[in-house]
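What follows is the content of coords35.cif (mmCIF, C-alpha atoms).
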data_model
#
loop_
_atom_site.label_atom_id
_atom_site.label_comp_id
_atom_site.auth_asym_id
_atom_site.auth_seq_id
_atom_site.Cartn_x
_atom_site.Cartn_y
_atom_site.Cartn_z
CA MET A 16 -6.49 9.08 -35.37
CA VAL A 17 -6.23 5.49 -34.32
CA PRO A 18 -5.66 2.29 -36.27
CA ALA A 19 -8.96 1.22 -37.74
CA ALA A 20 -10.73 -1.04 -35.35
CA GLY A 21 -12.83 -2.11 -38.32
CA HIS A 22 -9.84 -3.91 -39.79
CA ALA A 23 -7.43 -4.18 -36.85
CA TRP A 24 -9.57 -6.96 -35.38
CA LEU A 25 -9.44 -8.71 -38.73
CA TRP A 26 -5.66 -8.82 -38.71
CA ALA A 27 -5.72 -10.02 -35.09
CA ALA A 28 -8.22 -12.76 -35.99
CA VAL A 29 -6.16 -13.81 -39.00
CA ALA A 30 -3.00 -13.89 -36.89
CA ALA A 31 -4.77 -15.94 -34.22
CA LEU A 32 -6.00 -18.39 -36.85
CA ALA A 33 -2.50 -18.67 -38.33
CA VAL A 34 -0.96 -19.34 -34.92
CA ALA A 35 -3.64 -21.91 -34.08
CA GLY A 36 -3.13 -23.80 -37.30
CA CYS A 37 -22.96 6.35 -54.07
CA ARG A 38 -26.16 6.30 -52.64
CA SER A 39 -27.94 6.96 -55.93
CA CYS A 40 -25.79 4.62 -57.94
CA ALA A 41 -24.15 1.27 -57.46
CA VAL A 42 -22.32 1.12 -54.13
CA GLY A 43 -18.77 2.35 -54.45
CA THR A 44 -19.17 4.14 -57.74
CA ALA A 45 -19.48 7.79 -58.55
CA PRO A 46 -22.78 9.11 -59.92
CA GLY A 47 -23.12 8.23 -63.60
CA GLU A 48 -20.24 5.75 -63.44
CA LYS A 49 -20.63 2.04 -64.15
CA PRO A 50 -19.16 -0.36 -61.58
CA PRO A 51 -16.21 -2.42 -62.78
CA ALA A 52 -17.09 -5.86 -64.10
CA ALA A 53 -16.41 -8.64 -61.62
CA GLY A 54 -12.90 -9.93 -62.11
CA ALA A 55 -12.12 -7.30 -64.73
CA PRO A 56 -8.52 -6.12 -64.55
CA ALA A 57 -8.25 -2.50 -63.57
CA ALA A 58 -6.05 -0.06 -65.41
CA GLN A 59 -4.16 0.56 -62.17
CA GLY A 60 -2.03 3.49 -63.36
CA ALA A 61 -5.15 5.36 -64.44
CA LEU A 62 -6.99 5.07 -61.11
CA SER A 63 -7.22 8.07 -58.81
CA PRO A 64 -6.66 7.53 -55.09
CA GLU A 65 -10.42 7.84 -54.55
CA GLU A 66 -11.22 5.27 -57.24
CA THR A 67 -8.62 2.92 -55.79
CA VAL A 68 -10.34 3.10 -52.37
CA ARG A 69 -13.78 2.63 -54.02
CA ARG A 70 -12.61 -0.47 -55.84
CA TYR A 71 -10.84 -1.81 -52.75
CA LEU A 72 -13.96 -1.45 -50.58
CA ALA A 73 -16.20 -2.82 -53.35
CA ALA A 74 -13.90 -5.84 -53.65
CA LEU A 75 -14.02 -6.44 -49.89
CA LYS A 76 -17.79 -6.05 -49.87
CA ALA A 77 -18.13 -8.57 -52.71
CA GLY A 78 -15.65 -10.98 -51.13
CA ASN A 79 -13.31 -10.58 -54.10
CA PHE A 80 -10.08 -10.66 -52.11
CA GLY A 81 -7.95 -11.29 -55.19
CA GLN A 82 -9.06 -7.95 -56.59
CA ALA A 83 -8.45 -6.32 -53.19
CA TYR A 84 -4.92 -7.78 -53.15
CA ASP A 85 -4.17 -6.02 -56.44
CA LEU A 86 -5.09 -2.69 -54.83
CA ILE A 87 -2.96 -2.90 -51.68
CA SER A 88 0.65 -1.92 -51.11
CA LYS A 89 3.52 -4.31 -50.66
CA ALA A 90 3.52 -3.33 -46.97
CA MET A 91 -0.13 -4.36 -46.59
CA GLN A 92 0.61 -7.61 -48.40
CA GLN A 93 3.14 -8.32 -45.64
CA GLY A 94 5.29 -10.33 -48.03
CA LYS A 95 2.49 -12.85 -48.58
CA GLU A 96 1.77 -14.42 -51.92
CA ARG A 97 -1.63 -13.63 -53.39
CA GLU A 98 -3.16 -17.05 -52.67
CA VAL A 99 -2.05 -16.99 -49.02
CA TRP A 100 -3.31 -13.43 -48.46
CA VAL A 101 -6.65 -14.20 -50.15
CA LYS A 102 -7.14 -17.35 -48.06
CA GLU A 103 -6.36 -15.45 -44.84
CA GLN A 104 -8.83 -12.69 -45.74
CA LYS A 105 -11.60 -15.16 -46.55
CA THR A 106 -11.00 -17.02 -43.30
CA GLY A 107 -10.79 -13.86 -41.19
CA MET A 108 -13.84 -12.20 -42.74
CA ALA A 109 -15.91 -15.38 -42.35
CA PHE A 110 -14.72 -15.93 -38.76
CA ALA A 111 -15.64 -12.36 -37.81
CA ASP A 112 -18.89 -12.47 -39.84
CA VAL A 113 -18.02 -9.16 -41.52
CA LYS A 114 -20.73 -7.43 -43.53
CA ILE A 115 -20.07 -4.23 -45.45
CA PHE A 116 -23.40 -2.56 -46.14
CA ASP A 117 -22.36 0.68 -47.78
CA PHE A 118 -19.56 3.20 -48.10
CA GLU A 119 -19.08 6.69 -49.42
CA VAL A 120 -15.65 7.86 -50.55
CA TYR A 121 -14.85 11.58 -50.26
CA PRO A 122 -12.24 13.65 -52.14
CA GLY A 123 -8.74 12.97 -50.92
CA LYS A 124 -5.59 15.01 -50.54
CA ILE A 125 -2.44 14.18 -52.50
CA ASP A 126 1.06 15.11 -51.37
CA GLY A 127 3.59 13.72 -53.84
CA ASP A 128 3.44 9.93 -53.78
CA VAL A 129 1.16 9.78 -50.73
CA ALA A 130 -2.60 10.37 -50.68
CA HIS A 131 -5.16 10.44 -47.89
CA VAL A 132 -8.73 9.47 -48.79
CA PRO A 133 -11.62 9.65 -46.31
CA ASP A 134 -14.71 7.48 -46.43
CA VAL A 135 -17.78 6.74 -44.35
CA LEU A 136 -18.32 3.02 -43.87
CA SER A 137 -21.45 1.22 -42.77
CA SER A 138 -20.54 -2.29 -41.67
CA GLN A 139 -21.07 -4.88 -38.99
CA ASP A 140 -19.02 -7.71 -37.53
CA ARG A 141 -19.12 -10.18 -34.68
CA PHE A 142 -16.42 -8.59 -32.51
CA VAL A 143 -15.83 -4.84 -32.88
CA ASN A 144 -18.91 -3.37 -34.53
CA GLN A 145 -21.77 -5.65 -33.51
CA LEU A 146 -24.35 -2.87 -33.79
CA GLY A 147 -23.44 -1.87 -37.34
CA LEU A 148 -22.45 1.68 -36.43
CA THR A 149 -21.10 4.15 -38.98
CA GLU A 150 -17.32 4.55 -39.06
CA TYR A 151 -15.36 7.53 -40.36
CA GLU A 152 -12.19 6.17 -41.95
CA LEU A 153 -9.08 7.61 -43.52
CA TYR A 154 -7.08 5.57 -46.02
CA THR A 155 -3.44 6.31 -46.77
CA LEU A 156 -2.34 5.34 -50.26
CA VAL A 157 1.14 5.23 -51.75
CA LYS A 158 2.29 5.17 -55.33
CA GLU A 159 3.98 1.93 -56.31
CA ASN A 160 5.16 1.55 -59.90
CA GLY A 161 2.98 4.51 -60.88
CA ALA A 162 -0.25 3.09 -59.36
CA TRP A 163 -2.02 4.16 -56.18
CA LYS A 164 -2.13 1.36 -53.59
CA VAL A 165 -3.98 1.22 -50.27
CA ASP A 166 -1.32 1.26 -47.55
CA GLN A 167 -3.11 1.95 -44.27
CA GLN A 168 -6.53 2.53 -42.77
CA LEU A 169 -7.34 4.58 -39.67
CA ILE A 170 -10.50 5.46 -37.81
CA VAL A 171 -10.91 9.25 -37.75
CA GLU A 172 -11.30 10.51 -34.20
CA PRO A 173 -14.23 12.85 -33.46
CA GLY A 174 -12.00 15.95 -33.27
CA ASP A 175 -10.66 15.31 -36.78
CA VAL A 176 -13.95 14.57 -38.59
CA ALA A 177 -14.48 18.17 -39.73
CA LYS A 178 -11.00 18.18 -41.30
CA TRP A 179 -11.78 15.26 -43.62
CA PHE A 180 -15.53 15.27 -44.15
CA PRO A 181 -18.08 17.79 -45.42
CA GLN A 182 -19.80 19.87 -42.75
CA LYS A 183 -23.01 17.80 -42.97
CA HIS A 184 -21.14 14.76 -41.62
CA ALA A 185 -19.17 16.77 -39.08
CA ALA A 186 -22.48 17.86 -37.54
CA GLU A 187 -23.80 14.28 -37.25
CA PRO A 188 -23.17 12.35 -34.05
CA LEU A 189 -20.34 9.87 -34.37
CA SER A 190 -20.96 6.23 -33.73
CA HIS A 191 -17.25 5.31 -33.67
#

Encoded form using structure tokens:
Amino acid sequence: MVPAAGHAWLWAAVAALAVAGCRSCAVGTAPGEKPPAAGAPAAQGALSPEETVRRYLAALKAGNFGQAYDLISKAMQQGKEREVWVKEQKTGMAFADVKIFDFEVYPGKIDGDVAHVPDVLSSQDRFVNQLGLTEYELYTLVKENGAWKVDQQLIVEPGDVAKWFPQKHAAEPLSH
């Protein structure tokens, strides 16, 4: 697995700017589940790793970076205050013209206070994924104060797809 190109470019763009000056239901929800209300506080301790990733991706898709900040680990926050992190994300996402079209979160694997959650992401941006190709991702989450937090994102390499995704996706050609 390699660091997610889908987000690695974002961090590079943000750093450059700083130096320079469910298919049948609402996206990101499980079948029969209502999406969280915009801006509604999440009961963090009650969220599964999969629900944490769903809410994180839904927040990014909606441009709600404050909600995304609440779902990431201290390591991903990089010691930045909420307002600074949110401003950097808005700037980076706008600069790269990021569009998240859809995502599907799959069951994860939990090992103590670490979880790995796969998802299939359909997105497009100006630099890395100009054609809007499907990406197989793997999120690592850690427990902080009893709540699951997104800690890292990787692109799943072709040889590892079958390990994390149902056979129907393993048989499909990879675009990333």

Once the PyMOL selection byres ((chain A and resi 137-142) around 7) is applied to the coordinates I shared, what remains selected? I want it as a VMD selection string.
chain A and resid 111 to 118 135 to 136 143 to 150

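Atom to atom, CA of Asp175 (chain A) and CA of Thr155 (chain A) stand 15.3 Å apart.
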
Matched chain/residue IDs from the PyMOL selection byres ((chain A and resi 133) around 7), as an mmCIF file with C-alpha atoms, in the coordinates of the input:
data_model
loop_
_atom_site.group_PDB
_atom_site.id
_atom_site.type_symbol
_atom_site.label_atom_id
_atom_site.label_comp_id
_atom_site.auth_asym_id
_atom_site.auth_seq_id
_atom_site.Cartn_x
_atom_site.Cartn_y
_atom_site.Cartn_z
ATOM 1 C CA VAL A 120 -15.650 7.860 -50.550
ATOM 2 C CA TYR A 121 -14.850 11.580 -50.260
ATOM 3 C CA GLY A 123 -8.740 12.970 -50.920
ATOM 4 C CA HIS A 131 -5.160 10.440 -47.890
ATOM 5 C CA VAL A 132 -8.730 9.470 -48.790
ATOM 6 C CA ASP A 134 -14.710 7.480 -46.430
ATOM 7 C CA GLU A 152 -12.190 6.170 -41.950
ATOM 8 C CA LEU A 153 -9.080 7.610 -43.520
ATOM 9 C CA TYR A 154 -7.080 5.570 -46.020
ATOM 10 C CA TRP A 179 -11.780 15.260 -43.620
#

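As for CA of Met91 (chain A) and CA of Leu156 (chain A), they are spaced 10.6 Å apart.
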
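What separates CA of Gln168 (chain A) from CA of Ala90 (chain A) is a distance of 12.4 Å.
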
For Val68 (chain A), find every residue with an atom within 8 Å (counting all atoms listed in the file), except residues of its own chain fewer than 2 positions away, and show them as a VMD selection string.
chain A and resid 64 to 66 70 to 72 120 132 154 165
